[in-house]
Every structure is written in structure tokens, then in C-alpha cells.
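Asker: The structure file target-v7.csv (CSV, C-alpha atoms and all ligand atoms) is provided below.
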```csv
chain,number,residue,atom,x,y,z
A,1,MET,CA,26.3,-5.6,-1.0
A,2,LEU,CA,23.5,-3.1,-1.7
A,3,GLN,CA,20.0,-4.6,-1.7
A,4,THR,CA,17.6,-3.6,-4.4
A,5,ALA,CA,13.8,-3.2,-4.2
A,6,LEU,CA,11.1,-2.7,-6.8
A,7,VAL,CA,7.8,-1.2,-5.7
A,8,THR,CA,4.8,-1.0,-8.1
A,9,GLY,CA,2.4,1.9,-8.1
A,10,ALA,CA,4.8,4.1,-6.2
A,11,SER,CA,4.1,7.5,-7.8
A,12,ARG,CA,2.1,8.5,-4.7
A,13,GLY,CA,0.4,7.2,-1.5
A,14,ILE,CA,1.6,4.2,0.4
A,15,GLY,CA,4.0,3.0,-2.4
A,16,LEU,CA,5.8,6.3,-2.4
A,17,GLU,CA,6.3,6.0,1.4
A,18,VAL,CA,7.6,2.4,1.1
A,19,CYS,CA,10.2,3.7,-1.4
A,20,ARG,CA,11.2,6.5,0.9
A,21,GLU,CA,11.7,4.2,3.9
A,22,LEU,CA,13.5,1.5,1.9
A,23,HIS,CA,15.8,4.2,0.6
A,24,ARG,CA,16.4,5.5,4.1
A,25,GLN,CA,17.3,1.9,5.1
A,26,GLY,CA,20.0,1.8,2.4
A,27,TYR,CA,18.2,0.0,-0.4
A,28,VAL,CA,18.6,0.8,-4.1
A,29,VAL,CA,15.0,1.6,-5.0
A,30,LEU,CA,13.3,1.1,-8.4
A,31,LEU,CA,10.1,3.2,-8.1
A,32,GLY,CA,7.5,1.8,-10.4
A,33,ALA,CA,5.1,4.3,-11.9
A,34,ARG,CA,2.5,4.0,-14.7
A,35,GLN,CA,3.5,7.5,-15.9
A,36,LEU,CA,7.2,7.8,-15.9
A,37,ASP,CA,7.2,11.6,-15.4
A,38,LEU,CA,5.2,11.2,-12.2
A,39,GLY,CA,7.6,8.5,-11.1
A,40,GLU,CA,10.6,10.7,-11.8
A,41,ARG,CA,9.0,13.5,-9.8
A,42,ALA,CA,8.4,11.1,-6.9
A,43,ALA,CA,11.9,9.8,-7.0
A,44,ALA,CA,13.3,13.3,-7.0
A,45,GLU,CA,11.1,14.1,-4.0
A,46,ILE,CA,12.7,11.2,-2.1
A,47,ALA,CA,16.2,11.6,-3.1
A,48,ALA,CA,17.0,14.5,-5.5
A,49,GLY,CA,20.0,13.7,-7.7
A,50,ASP,CA,20.6,10.3,-6.0
A,51,SER,CA,20.7,7.5,-8.5
A,52,ASP,CA,19.8,5.0,-5.8
A,53,VAL,CA,16.2,5.9,-6.3
A,54,GLN,CA,15.3,5.4,-10.0
A,55,ALA,CA,11.8,5.6,-11.6
A,56,VAL,CA,10.9,2.8,-13.9
A,57,ALA,CA,7.8,2.9,-16.2
A,58,LEU,CA,5.5,0.2,-15.1
A,59,ASP,CA,1.8,-0.3,-15.9
A,60,VAL,CA,1.0,-3.6,-14.2
A,61,CYS,CA,-1.9,-4.1,-16.6
A,62,SER,CA,0.3,-3.8,-19.7
A,63,GLU,CA,1.5,-7.2,-20.9
A,64,GLN,CA,3.9,-5.5,-23.3
A,65,GLY,CA,5.1,-3.1,-20.6
A,66,VAL,CA,5.8,-5.8,-18.1
A,67,ALA,CA,7.6,-7.9,-20.7
A,68,ALA,CA,9.8,-4.9,-21.6
A,69,LEU,CA,10.6,-4.5,-17.9
A,70,ALA,CA,11.7,-8.1,-17.7
A,71,GLU,CA,13.7,-7.7,-20.8
A,72,ARG,CA,15.5,-4.7,-19.3
A,73,ALA,CA,16.1,-6.8,-16.1
A,74,ARG,CA,17.7,-9.5,-18.2
A,75,ARG,CA,19.8,-7.0,-20.2
A,76,GLU,CA,21.0,-5.2,-17.1
A,77,ASP,CA,21.4,-8.3,-14.9
A,78,TRP,CA,19.0,-7.2,-12.2
A,79,GLU,CA,19.1,-9.0,-8.9
A,80,LEU,CA,16.2,-8.0,-6.7
A,81,ASP,CA,15.9,-8.5,-3.0
A,82,VAL,CA,12.4,-7.1,-2.7
A,83,LEU,CA,9.3,-6.9,-4.8
A,84,VAL,CA,6.3,-4.9,-3.4
A,85,ASN,CA,3.1,-5.4,-5.4
A,86,ASN,CA,1.5,-2.2,-4.2
A,87,ALA,CA,-0.3,-0.9,-7.3
A,88,GLY,CA,-4.0,-1.0,-6.7
A,89,VAL,CA,-7.4,0.6,-7.6
A,90,SER,CA,-10.6,0.9,-5.7
A,91,LEU,CA,-13.3,2.0,-8.2
A,92,GLN,CA,-16.4,3.8,-7.2
A,93,SER,CA,-19.3,1.9,-8.7
A,94,PHE,CA,-20.1,-1.8,-8.9
A,95,GLY,CA,-20.8,-4.0,-11.9
A,96,ALA,CA,-19.1,-6.6,-14.1
A,97,ASP,CA,-16.9,-4.0,-15.8
A,98,VAL,CA,-15.7,-2.7,-12.5
A,99,VAL,CA,-15.0,-6.3,-11.4
A,100,MET,CA,-12.9,-6.9,-14.5
A,101,ARG,CA,-10.9,-3.6,-14.2
A,102,THR,CA,-10.3,-4.1,-10.5
A,103,LEU,CA,-9.1,-7.7,-10.8
A,104,ALA,CA,-7.0,-6.8,-13.8
A,105,THR,CA,-4.9,-4.4,-11.7
A,106,ASN,CA,-5.1,-5.8,-8.1
A,107,VAL,CA,-4.8,-9.5,-8.9
A,108,PHE,CA,-3.6,-10.2,-12.4
A,109,GLY,CA,-1.3,-7.2,-12.5
A,110,ALA,CA,0.5,-8.4,-9.4
A,111,ILE,CA,0.7,-12.0,-10.8
A,112,ARG,CA,2.0,-10.7,-14.1
A,113,VAL,CA,4.7,-8.6,-12.6
A,114,THR,CA,5.7,-11.3,-10.1
A,115,ASP,CA,5.9,-14.0,-12.7
A,116,ALA,CA,7.9,-11.8,-15.0
A,117,LEU,CA,10.4,-10.8,-12.4
A,118,LEU,CA,10.8,-14.2,-10.6
A,119,PRO,CA,14.0,-15.1,-12.5
A,120,PHE,CA,15.6,-11.9,-11.1
A,121,LEU,CA,14.6,-12.4,-7.5
A,122,ARG,CA,17.6,-13.6,-5.4
A,123,THR,CA,17.2,-16.5,-3.1
A,124,GLY,CA,15.9,-15.1,0.2
A,125,ALA,CA,14.1,-12.2,-1.6
A,126,ARG,CA,10.9,-10.9,-0.1
A,127,VAL,CA,7.7,-10.5,-2.1
A,128,VAL,CA,5.0,-8.3,-0.4
A,129,ASN,CA,1.5,-8.2,-1.8
A,130,VAL,CA,-0.3,-5.2,-0.5
A,131,SER,CA,-3.7,-6.5,0.5
A,132,SER,CA,-6.5,-5.3,2.8
A,133,GLY,CA,-8.6,-6.4,5.8
A,134,MET,CA,-11.4,-6.4,3.3
A,135,GLY,CA,-9.8,-9.4,1.7
A,136,GLU,CA,-10.7,-11.6,4.7
A,137,LEU,CA,-12.3,-14.9,3.7
A,138,SER,CA,-15.1,-14.2,6.1
A,139,GLY,CA,-16.7,-11.8,3.5
A,140,LEU,CA,-17.5,-14.8,1.3
A,141,GLY,CA,-20.0,-17.6,1.4
A,142,ALA,CA,-18.8,-21.0,2.8
A,143,GLU,CA,-18.4,-22.7,-0.5
A,144,LEU,CA,-16.4,-19.9,-2.1
A,145,ARG,CA,-14.3,-19.6,1.0
A,146,ARG,CA,-13.4,-23.3,0.7
A,147,ARG,CA,-12.6,-22.9,-3.0
A,148,PHE,CA,-10.3,-19.9,-2.4
A,149,GLU,CA,-8.6,-21.8,0.4
A,150,ALA,CA,-8.1,-24.7,-2.0
A,151,VAL,CA,-6.5,-22.6,-4.8
A,152,ARG,CA,-3.2,-24.4,-5.8
A,153,ASP,CA,-2.7,-22.9,-9.3
A,154,ARG,CA,-3.2,-19.8,-11.4
A,155,ALA,CA,-5.9,-21.4,-13.5
A,156,SER,CA,-8.3,-21.9,-10.5
A,157,LEU,CA,-7.8,-18.3,-9.5
A,158,LEU,CA,-8.6,-17.2,-13.0
A,159,GLU,CA,-11.7,-19.4,-13.1
A,160,LEU,CA,-12.9,-18.0,-9.7
A,161,SER,CA,-12.4,-14.5,-11.0
A,162,ARG,CA,-14.3,-15.3,-14.2
A,163,GLU,CA,-17.1,-16.8,-12.2
A,164,PHE,CA,-17.4,-13.7,-10.0
A,165,GLU,CA,-17.6,-11.5,-13.2
A,166,ARG,CA,-20.3,-13.9,-14.7
A,167,ASP,CA,-22.3,-13.9,-11.5
A,168,VAL,CA,-22.2,-10.1,-11.2
A,169,ARG,CA,-23.2,-9.8,-14.9
A,170,SER,CA,-26.2,-12.1,-14.4
A,171,GLY,CA,-27.2,-10.5,-11.1
A,172,ARG,CA,-26.7,-13.7,-9.1
A,173,HIS,CA,-23.5,-12.8,-7.2
A,174,SER,CA,-25.1,-12.3,-3.7
A,175,ALA,CA,-27.1,-15.5,-4.0
A,176,ARG,CA,-23.8,-17.3,-4.9
A,177,GLY,CA,-22.0,-15.9,-1.8
A,178,TRP,CA,-20.0,-13.1,-3.3
A,179,PRO,CA,-19.8,-9.7,-1.6
A,180,THR,CA,-20.9,-6.6,-3.5
A,181,SER,CA,-17.4,-5.3,-3.7
A,182,ALA,CA,-14.9,-6.0,-6.5
A,183,TYR,CA,-12.2,-4.6,-4.3
A,184,ALA,CA,-12.8,-7.1,-1.5
A,185,VAL,CA,-12.8,-10.0,-3.9
A,186,SER,CA,-9.6,-8.7,-5.5
A,187,LYS,CA,-7.8,-8.8,-2.1
A,188,VAL,CA,-9.2,-12.2,-1.3
A,189,ALA,CA,-7.7,-13.4,-4.6
A,190,LEU,CA,-4.4,-11.6,-3.9
A,191,ASN,CA,-4.2,-13.4,-0.6
A,192,ALA,CA,-4.8,-16.7,-2.4
A,193,PHE,CA,-2.0,-15.9,-4.8
A,194,THR,CA,0.2,-15.1,-1.8
A,195,ARG,CA,-0.2,-18.6,-0.4
A,196,LEU,CA,0.1,-20.2,-3.8
A,197,LEU,CA,3.4,-18.4,-4.6
A,198,ALA,CA,4.8,-19.1,-1.1
A,199,GLY,CA,4.1,-22.8,-1.7
A,200,GLU,CA,5.7,-22.7,-5.2
A,201,GLN,CA,8.8,-20.7,-4.1
A,202,PRO,CA,10.2,-21.9,-0.8
A,203,ARG,CA,13.4,-19.9,-1.6
A,204,LEU,CA,11.4,-16.6,-1.2
A,205,ARG,CA,9.5,-15.0,1.7
A,206,VAL,CA,6.1,-14.2,0.3
A,207,ASN,CA,3.5,-12.4,2.4
A,208,ALA,CA,0.4,-10.3,2.2
A,209,VAL,CA,0.1,-7.1,4.3
A,210,CYS,CA,-2.8,-4.9,5.2
A,211,PRO,CA,-1.6,-1.4,5.7
A,212,GLY,CA,-4.6,-0.4,7.8
A,213,TRP,CA,-6.9,2.5,6.8
A,214,VAL,CA,-4.5,5.1,5.4
A,215,ARG,CA,-4.9,8.8,4.3
A,216,THR,CA,-4.2,8.6,0.5
A,217,GLU,CA,-6.2,9.3,-2.6
A,218,MET,CA,-7.7,5.8,-2.1
A,219,GLY,CA,-8.2,5.9,1.6
A,220,GLY,CA,-9.5,9.5,1.8
A,221,SER,CA,-8.8,12.3,4.2
A,222,SER,CA,-10.7,10.8,7.2
A,223,ALA,CA,-8.4,7.7,7.5
A,224,PRO,CA,-6.6,7.6,10.9
A,225,ARG,CA,-3.1,6.5,9.5
A,226,SER,CA,-0.6,8.6,7.6
A,227,ALA,CA,0.9,7.0,4.5
A,228,ALA,CA,4.2,6.5,6.4
A,229,GLU,CA,2.3,4.6,9.1
A,230,GLY,CA,0.6,2.5,6.5
A,231,ALA,CA,4.0,1.8,4.8
A,232,ALA,CA,5.6,0.6,8.0
A,233,GLY,CA,4.1,-2.9,8.1
A,234,ILE,CA,4.9,-3.4,4.4
A,235,VAL,CA,8.5,-2.4,4.9
A,236,TRP,CA,8.6,-4.9,7.8
A,237,ALA,CA,7.6,-7.7,5.5
A,238,ALA,CA,10.0,-6.4,2.8
A,239,THR,CA,12.9,-6.6,5.1
A,240,LEU,CA,12.2,-10.0,6.8
A,241,PRO,CA,15.2,-12.2,7.6
A,242,ALA,CA,15.8,-15.5,5.7
A,243,ASP,CA,14.0,-17.5,8.4
A,244,GLY,CA,11.0,-15.1,8.4
A,245,PRO,CA,7.5,-16.3,7.8
A,246,SER,CA,6.1,-17.0,4.3
A,247,GLY,CA,2.6,-17.4,3.0
A,248,GLY,CA,1.1,-15.2,5.8
A,249,PHE,CA,-1.3,-12.3,6.1
A,250,PHE,CA,-0.1,-9.5,8.4
A,251,ARG,CA,-1.0,-6.1,9.8
A,252,ASP,CA,1.5,-4.1,11.9
A,253,ALA,CA,3.8,-7.1,11.8
A,254,HIS,CA,1.2,-9.3,13.4
A,255,ARG,CA,-0.5,-12.3,11.7
A,256,ILE,CA,-4.2,-11.7,11.0
A,257,PRO,CA,-6.8,-14.1,9.9
A,258,TRP,CA,-7.3,-14.6,6.1
B,1,LIG,P1,-3.4,5.5,-4.1
B,1,LIG,O1,-4.7,5.5,-4.9
B,1,LIG,O2,-3.0,6.7,-3.4
B,1,LIG,O3,-2.2,5.0,-5.1
B,1,LIG,C1,-2.4,3.9,-5.9
B,1,LIG,C2,-1.1,3.7,-6.7
B,1,LIG,O4,-1.3,2.6,-7.6
B,1,LIG,C3,-0.9,5.0,-7.6
B,1,LIG,O5,0.5,5.2,-7.6
B,1,LIG,C4,-1.4,4.5,-9.0
B,1,LIG,O6,-0.7,5.1,-10.0
B,1,LIG,C5,-1.0,3.0,-8.9
B,1,LIG,N1,-1.6,2.3,-9.9
B,1,LIG,C6,-3.0,2.1,-10.2
B,1,LIG,N2,-3.1,1.3,-11.3
B,1,LIG,C7,-1.9,1.0,-11.7
B,1,LIG,C8,-1.4,0.2,-12.8
B,1,LIG,N3,-2.2,-0.3,-13.7
B,1,LIG,N4,-0.1,0.1,-12.9
B,1,LIG,C9,0.7,0.7,-12.1
B,1,LIG,N5,0.4,1.5,-11.1
B,1,LIG,C10,-1.0,1.6,-10.9
B,1,LIG,O7,-3.6,4.2,-3.1
B,1,LIG,P2,-2.9,3.8,-1.8
B,1,LIG,O8,-1.5,4.3,-1.8
B,1,LIG,O9,-3.8,4.0,-0.7
B,1,LIG,O10,-2.9,2.2,-2.0
B,1,LIG,C11,-1.7,1.4,-2.2
B,1,LIG,C12,-2.1,0.0,-2.0
B,1,LIG,O11,-2.6,-0.2,-0.6
B,1,LIG,C13,-3.2,-0.5,-2.8
B,1,LIG,O12,-2.9,-1.8,-3.2
B,1,LIG,C14,-4.4,-0.5,-1.9
B,1,LIG,O13,-5.4,-1.4,-2.3
B,1,LIG,C15,-3.8,-0.8,-0.6
B,1,LIG,N6,-4.6,-0.5,0.6
B,1,LIG,C16,-4.9,0.9,0.8
B,1,LIG,C17,-5.6,1.2,1.9
B,1,LIG,C18,-5.9,2.7,2.3
B,1,LIG,O14,-6.6,2.9,3.3
B,1,LIG,N7,-5.4,3.6,1.6
B,1,LIG,C19,-6.2,0.2,2.8
B,1,LIG,C20,-5.8,-1.1,2.5
B,1,LIG,C21,-5.1,-1.4,1.4
B,1,LIG,P3,-1.2,6.4,-10.9
B,1,LIG,O15,-0.7,7.6,-10.2
B,1,LIG,O16,-0.7,6.1,-12.2
B,1,LIG,O17,-2.7,6.3,-10.8
```
Let's see the structure in the file written out as C-alpha cells.
Ligand code: NDP
Answerer:
Amino acid sequence: MLQTALVTGASRGIGLEVCRELHRQGYVVLLGARQLDLGERAAAEIAAGDSDVQAVALDVCSEQGVAALAERARREDWELDVLVNNAGVSLQSFGADVVMRTLATNVFGAIRVTDALLPFLRTGARVVNVSSGMGELSGLGAELRRRFEAVRDRASLLELSREFERDVRSGRHSARGWPTSAYAVSKVALNAFTRLLAGEQPRLRVNAVCPGWVRTEMGGSSAPRSAAEGAAGIVWAATLPADGPSGGFFRDAHRIPW
């Protein structure tokens, strides 16, 4: 039976390369793109005229859009083997608004898509959250580190995120142990969600993967890795066997400290 994968934020960069490789390995690929025309162009670049790579409109920040996708999944009886939460932003400046926008995409976007598609993930399906070495807990003060490690539900993750935003707004974030990086905190939180989901869903393999520093619009042109090299570790986690690890943080198929 053909396996099906959905990749978010796949119009370019690492997500596009993940789609290309999964297609090469024989997966039916649903290529998620905020702008459908860009997604269709990307799908055609991977496999012109091949219906096994299909663009789907998906803005992970849109409640309505994600609900519509889940409704389509229900109508069309989707059975997914892989979900890659790859969509992400790394915004230039720093401030409470940047914190909100960054967390909305990198954390709550991934949670929204995952929760909406959970009923359509087959037993044994793999969920890969594309994280970053910047999401290591070592970037936080001891008390915050302990609280992120203790996250057992979505409400505490939301509360920590709100607290970060409040502390940035009031200029107290450094004193409270937060780094001056919305992106770093978003990936810490995504790692916490990875562990939370792995605990909730023992039937799935749920892991976070750092792709390394990769030459994309986000990584810039000085990065040492190509997008295909960055995609490799994600594809590894997306194709794990049923007895593979779950709840871990990996780079190049090796466990790294969270
Ligand atoms: P790019 O900036 O090249 O691509 C980001 C992708 O995410 C684009 O396709 C973009 O779509 C999409 N996206 C952004 N916001 C949304 C949204 N709201 N809904 C749906 N899609 C969205 O980045 P990379 O390919 O480098 O990054 C991919 C992932 O890898 C990210 O999660 C990033 O944090 C992570 N990562 C990257 C590293 C690097 O060195 N490049 C290092 C470590 C981690 P659109 O075209 O519509 O903007």
C-alpha cells in the first residue's frame, strides 16, 4: 500500500526537499503551502504531471484554513503515514509582537495542524517537528528549564508562552531567564510539545529534528548545508519503523540534548 505524507511550509527550502525525497522513496506527498500557486509550482518542480505530489493550501496560523483541511481529510478519507511540521519563521527584530507572531507559527501552528489531523494519522504514523539546536533548554534560566521539562498539557505551554510575551513587553525577560530570541523560545516550546504528544499518543512516533544550519531563505547563503542535506535527518525521522524512538530530539539521526 502506498504511504502518504503531509509536509507543512513546503513551498521552498527544507520542506520542499523533504517532499522531493519522500516522493523519491515512493510516498504520495501532500505539499502544504500558504499560497496554493507557489505550492503547485513546487509540486510541478518535483514531479511534473504526477498526481502523487499534490499541493494543498495550508496556512498553519489560520484556524479556518486548518479546519477546512481537516474537513477535506474527513470527506476524502485520508490516512496519513507522515506529518512533518516544517513551516516556520525567524523574524528579524525582537519585541512582544515578534514573540507573538513567531510562536503563532512555530508552536501553535504546529499544534493546530497536528491536533486537527490526529484522527487521520494511521497507527505507527510518524510526526516530525522541525526544530533547531537553538531550542536547547540550556538557553533558559534554571526555573524556566524546569517548567518546560514539566509541561504535560497544552494549557501550561500556552501559559509559558503568554508569560514570555508579558515579560518581553515589560522589559523583564532577561531577568526572568528568557533568551532575547523569540525563535529560540519557539523551538524550546516545540520540543516540549513533541514530548507531550509522544506521551499522549504511544501509537505514533513523534520526534523533533534539528536540520543543522541550512542554506535557505531563513538560513542564508553562508550556511554549510544544502537544503537536501538539511532534509535528510527529517526524512529519517519521517520513515522510522514501528519500533523506532518517540519523544526524542535528533540531528543527523543521532539523539541530541534538549
Ligand atoms: P524558509 O524560510 O526557506 O521556508 C519556510 C517555509 O515555511 C516557507 O515555505 C514558508 O511559506 C513557510 N511558512 C511560513 N509561515 C507559514 C505559515 N503560517 N503557514 C504555512 N507555511 C508557512 O525556511 P527553512 O526551509 O530554512 O526552514 C524550514 C524549517 O526548518 C523551519 O521550521 C525552521 O525553523 C527550521 N530550521 C531551519 C534552519 C536553517 O538553517 N535554515 C536551522 C534550524 C531549523 P511561504 O513561502 O508562504 O512564506
Asker: Please extract the residues at most 7 Å from ligand LIG 1 (chain B), counting only C-alpha atoms and all ligand atoms, and provide them as a PDB file with C-alpha atoms, in the frame of the given file, using the chain letters and residue numbers of this document.
Answerer:
```
ATOM      1  CA  THR A   8       4.800  -1.000  -8.100  1.00  0.00           C
ATOM      2  CA  GLY A   9       2.400   1.900  -8.100  1.00  0.00           C
ATOM      3  CA  ALA A  10       4.800   4.100  -6.200  1.00  0.00           C
ATOM      4  CA  SER A  11       4.100   7.500  -7.800  1.00  0.00           C
ATOM      5  CA  ARG A  12       2.100   8.500  -4.700  1.00  0.00           C
ATOM      6  CA  GLY A  13       0.400   7.200  -1.500  1.00  0.00           C
ATOM      7  CA  ILE A  14       1.600   4.200   0.400  1.00  0.00           C
ATOM      8  CA  GLY A  15       4.000   3.000  -2.400  1.00  0.00           C
ATOM      9  CA  ALA A  33       5.100   4.300 -11.900  1.00  0.00           C
ATOM     10  CA  ARG A  34       2.500   4.000 -14.700  1.00  0.00           C
ATOM     11  CA  GLN A  35       3.500   7.500 -15.900  1.00  0.00           C
ATOM     12  CA  LEU A  58       5.500   0.200 -15.100  1.00  0.00           C
ATOM     13  CA  ASP A  59       1.800  -0.300 -15.900  1.00  0.00           C
ATOM     14  CA  VAL A  60       1.000  -3.600 -14.200  1.00  0.00           C
ATOM     15  CA  CYS A  61      -1.900  -4.100 -16.600  1.00  0.00           C
ATOM     16  CA  ASN A  86       1.500  -2.200  -4.200  1.00  0.00           C
ATOM     17  CA  ALA A  87      -0.300  -0.900  -7.300  1.00  0.00           C
ATOM     18  CA  GLY A  88      -4.000  -1.000  -6.700  1.00  0.00           C
ATOM     19  CA  VAL A  89      -7.400   0.600  -7.600  1.00  0.00           C
ATOM     20  CA  SER A  90     -10.600   0.900  -5.700  1.00  0.00           C
ATOM     21  CA  THR A 105      -4.900  -4.400 -11.700  1.00  0.00           C
ATOM     22  CA  ASN A 106      -5.100  -5.800  -8.100  1.00  0.00           C
ATOM     23  CA  VAL A 130      -0.300  -5.200  -0.500  1.00  0.00           C
ATOM     24  CA  SER A 131      -3.700  -6.500   0.500  1.00  0.00           C
ATOM     25  CA  SER A 132      -6.500  -5.300   2.800  1.00  0.00           C
ATOM     26  CA  GLY A 133      -8.600  -6.400   5.800  1.00  0.00           C
ATOM     27  CA  CYS A 210      -2.800  -4.900   5.200  1.00  0.00           C
ATOM     28  CA  PRO A 211      -1.600  -1.400   5.700  1.00  0.00           C
ATOM     29  CA  GLY A 212      -4.600  -0.400   7.800  1.00  0.00           C
ATOM     30  CA  TRP A 213      -6.900   2.500   6.800  1.00  0.00           C
ATOM     31  CA  VAL A 214      -4.500   5.100   5.400  1.00  0.00           C
ATOM     32  CA  ARG A 215      -4.900   8.800   4.300  1.00  0.00           C
ATOM     33  CA  THR A 216      -4.200   8.600   0.500  1.00  0.00           C
ATOM     34  CA  GLU A 217      -6.200   9.300  -2.600  1.00  0.00           C
ATOM     35  CA  MET A 218      -7.700   5.800  -2.100  1.00  0.00           C
ATOM     36  CA  GLY A 219      -8.200   5.900   1.600  1.00  0.00           C
ATOM     37  CA  ALA A 223      -8.400   7.700   7.500  1.00  0.00           C
TER      38      ALA A 223
END
```
Asker: Which residue gives the smallest distance to A:Leu157 among A:Leu103, A:Ala237, A:Ile46, A:Val53, with all atoms listed in the file counted?
Answerer: A:Leu103
Asker: For atom CA of A:Glu76 and atom CA of A:Asp115, quote the distance in Å rounded to one decimal.
Answerer: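 It comes out at 18.0 Å.
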Asker: If I take atom CA of A:Ala73 and atom CA of A:Leu30, how far is one from the other in Å, to one decimal?
Answerer: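 These two atoms are separated by 11.4 Å.
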Asker: Using all atoms listed in the file, give me every residue within 10 Å of (-12.2, -14.0, 3.8) in file coordinates, as a PDB file with C-alpha atoms, in the coordinates of the input.
Answerer:
```pdb
ATOM      1  CA  GLY A 133      -8.600  -6.400   5.800  1.00  0.00           C
ATOM      2  CA  MET A 134     -11.400  -6.400   3.300  1.00  0.00           C
ATOM      3  CA  GLY A 135      -9.800  -9.400   1.700  1.00  0.00           C
ATOM      4  CA  GLU A 136     -10.700 -11.600   4.700  1.00  0.00           C
ATOM      5  CA  LEU A 137     -12.300 -14.900   3.700  1.00  0.00           C
ATOM      6  CA  SER A 138     -15.100 -14.200   6.100  1.00  0.00           C
ATOM      7  CA  GLY A 139     -16.700 -11.800   3.500  1.00  0.00           C
ATOM      8  CA  LEU A 140     -17.500 -14.800   1.300  1.00  0.00           C
ATOM      9  CA  GLY A 141     -20.000 -17.600   1.400  1.00  0.00           C
ATOM     10  CA  ALA A 142     -18.800 -21.000   2.800  1.00  0.00           C
ATOM     11  CA  LEU A 144     -16.400 -19.900  -2.100  1.00  0.00           C
ATOM     12  CA  ARG A 145     -14.300 -19.600   1.000  1.00  0.00           C
ATOM     13  CA  ARG A 146     -13.400 -23.300   0.700  1.00  0.00           C
ATOM     14  CA  PHE A 148     -10.300 -19.900  -2.400  1.00  0.00           C
ATOM     15  CA  GLU A 149      -8.600 -21.800   0.400  1.00  0.00           C
ATOM     16  CA  ALA A 184     -12.800  -7.100  -1.500  1.00  0.00           C
ATOM     17  CA  VAL A 185     -12.800 -10.000  -3.900  1.00  0.00           C
ATOM     18  CA  LYS A 187      -7.800  -8.800  -2.100  1.00  0.00           C
ATOM     19  CA  VAL A 188      -9.200 -12.200  -1.300  1.00  0.00           C
ATOM     20  CA  ALA A 189      -7.700 -13.400  -4.600  1.00  0.00           C
ATOM     21  CA  ASN A 191      -4.200 -13.400  -0.600  1.00  0.00           C
ATOM     22  CA  PRO A 257      -6.800 -14.100   9.900  1.00  0.00           C
ATOM     23  CA  TRP A 258      -7.300 -14.600   6.100  1.00  0.00           C
TER      24      TRP A 258
END
```
Asker: Can you write out as a Markdown table which residues of stretch 71-178 of chain A fall within 10 Å of stretch 241-246 of chain A, alongside each residue's closest atom pair and its distance in Å to one decimal, counting only C-alpha atoms and ordering rows by chain and ascending residue number?
Answerer:
```
| residue | atom | partner | partner_atom | distance |
| --- | --- | --- | --- | --- |
| A:Thr123 | CA | A:Ala242 | CA | 9.0 |
| A:Gly124 | CA | A:Ala242 | CA | 5.5 |
| A:Ala125 | CA | A:Ala242 | CA | 8.2 |
| A:Arg126 | CA | A:Ala242 | CA | 8.9 |
| A:Val127 | CA | A:Ser246 | CA | 9.3 |
| A:Val128 | CA | A:Ser246 | CA | 9.9 |
```
Asker: Please determine, counting only C-alpha atoms, which residue among A:Gly65, A:Gly32, A:Gly199, A:Gly26 has the shortest atom-to-atom distance to A:Leu83.
Answerer: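 Among the listed residues, A:Gly32 lies closest to A:Leu83.
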Asker: May I have the centre and edge lengths, in Å to one decimal, of an axis-aligned box around the listed atoms of stretch 9-24 of chain A with 6 Å added to every side, as lines of an AutoDock Vina configuration file?
Answerer:
```
center_x = 8.4
center_y = 5.0
center_z = -2.0
size_x = 28.0
size_y = 19.0
size_z = 24.2
```
Asker: Show me as a list in words the residues that reach within 7 Å of (-6.2, -7.7, -10.5), counting only C-alpha atoms and using the file's own coordinates.
Answerer: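 Residues with an atom close enough to that point: Thr102, Leu103, Ala104, Thr105, Asn106, Val107, Phe108, Gly109, Ala110 and Ser186 of chain A.
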Asker: Got a sec: who's within 8 Å of A:Glu79, counting all atoms listed in the file, leaving out chain neighbours fewer than 6 positions off, as a compact mmCIF listing (two decimals) with C-alpha atoms, in the frame of the given file?
Answerer:
```
# COMPACT_ATOMS: atom_id res chain seq x y z
CA THR A 4 17.60 -3.60 -4.40
CA PHE A 120 15.60 -11.90 -11.10
CA LEU A 121 14.60 -12.40 -7.50
CA ARG A 122 17.60 -13.60 -5.40
```
Asker: Rank nothing, just name the residue among A:Ala182, A:Ala227, A:Ala192, A:Ala253 nearest to A:Asp97, using all atoms listed in the file.
Answerer: A:Ala182
Asker: Let me make sure I understand: among A:Cys19, A:Leu160, A:Ile256, A:Val113, which one has the smallest atom-to-atom distance to A:Val66 if we use only C-alpha atoms?
Answerer: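 Checking each of A:Cys19, A:Leu160, A:Ile256, A:Val113 against A:Val66, counting only C-alpha atoms, the winner is A:Val113.
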Asker: Nearest to A:Ala116: which of A:Glu71, A:Asp153, A:Glu21, A:Glu159 is it, counting all atoms listed in the file?
Answerer: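 Among the listed residues, A:Glu71 lies closest to A:Ala116.
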Asker: Which value, in Å to one decimal, gives the distance between atom CA of A:Val235 and atom CA of A:Asp77?
Answerer: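 Separation between atom CA of A:Val235 and atom CA of A:Asp77: 24.4 Å.
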Asker: Would you please work out which residue, of A:Leu240, A:Arg152, A:Ala208, A:Ser181, is nearest to A:Leu91 when using only C-alpha atoms?
Answerer: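 Distance minimum relative to A:Leu91 lands on A:Ser181.
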Asker: Excluding A:Glu200 and any residue of its chain fewer than 3 positions from it, enumerate the residues within 12 Å of it, using all atoms listed in the file, and give them as an MDAnalysis selection string.
Answerer: chainID A and resid 115 118 152:154 193:197 203:206 246:247
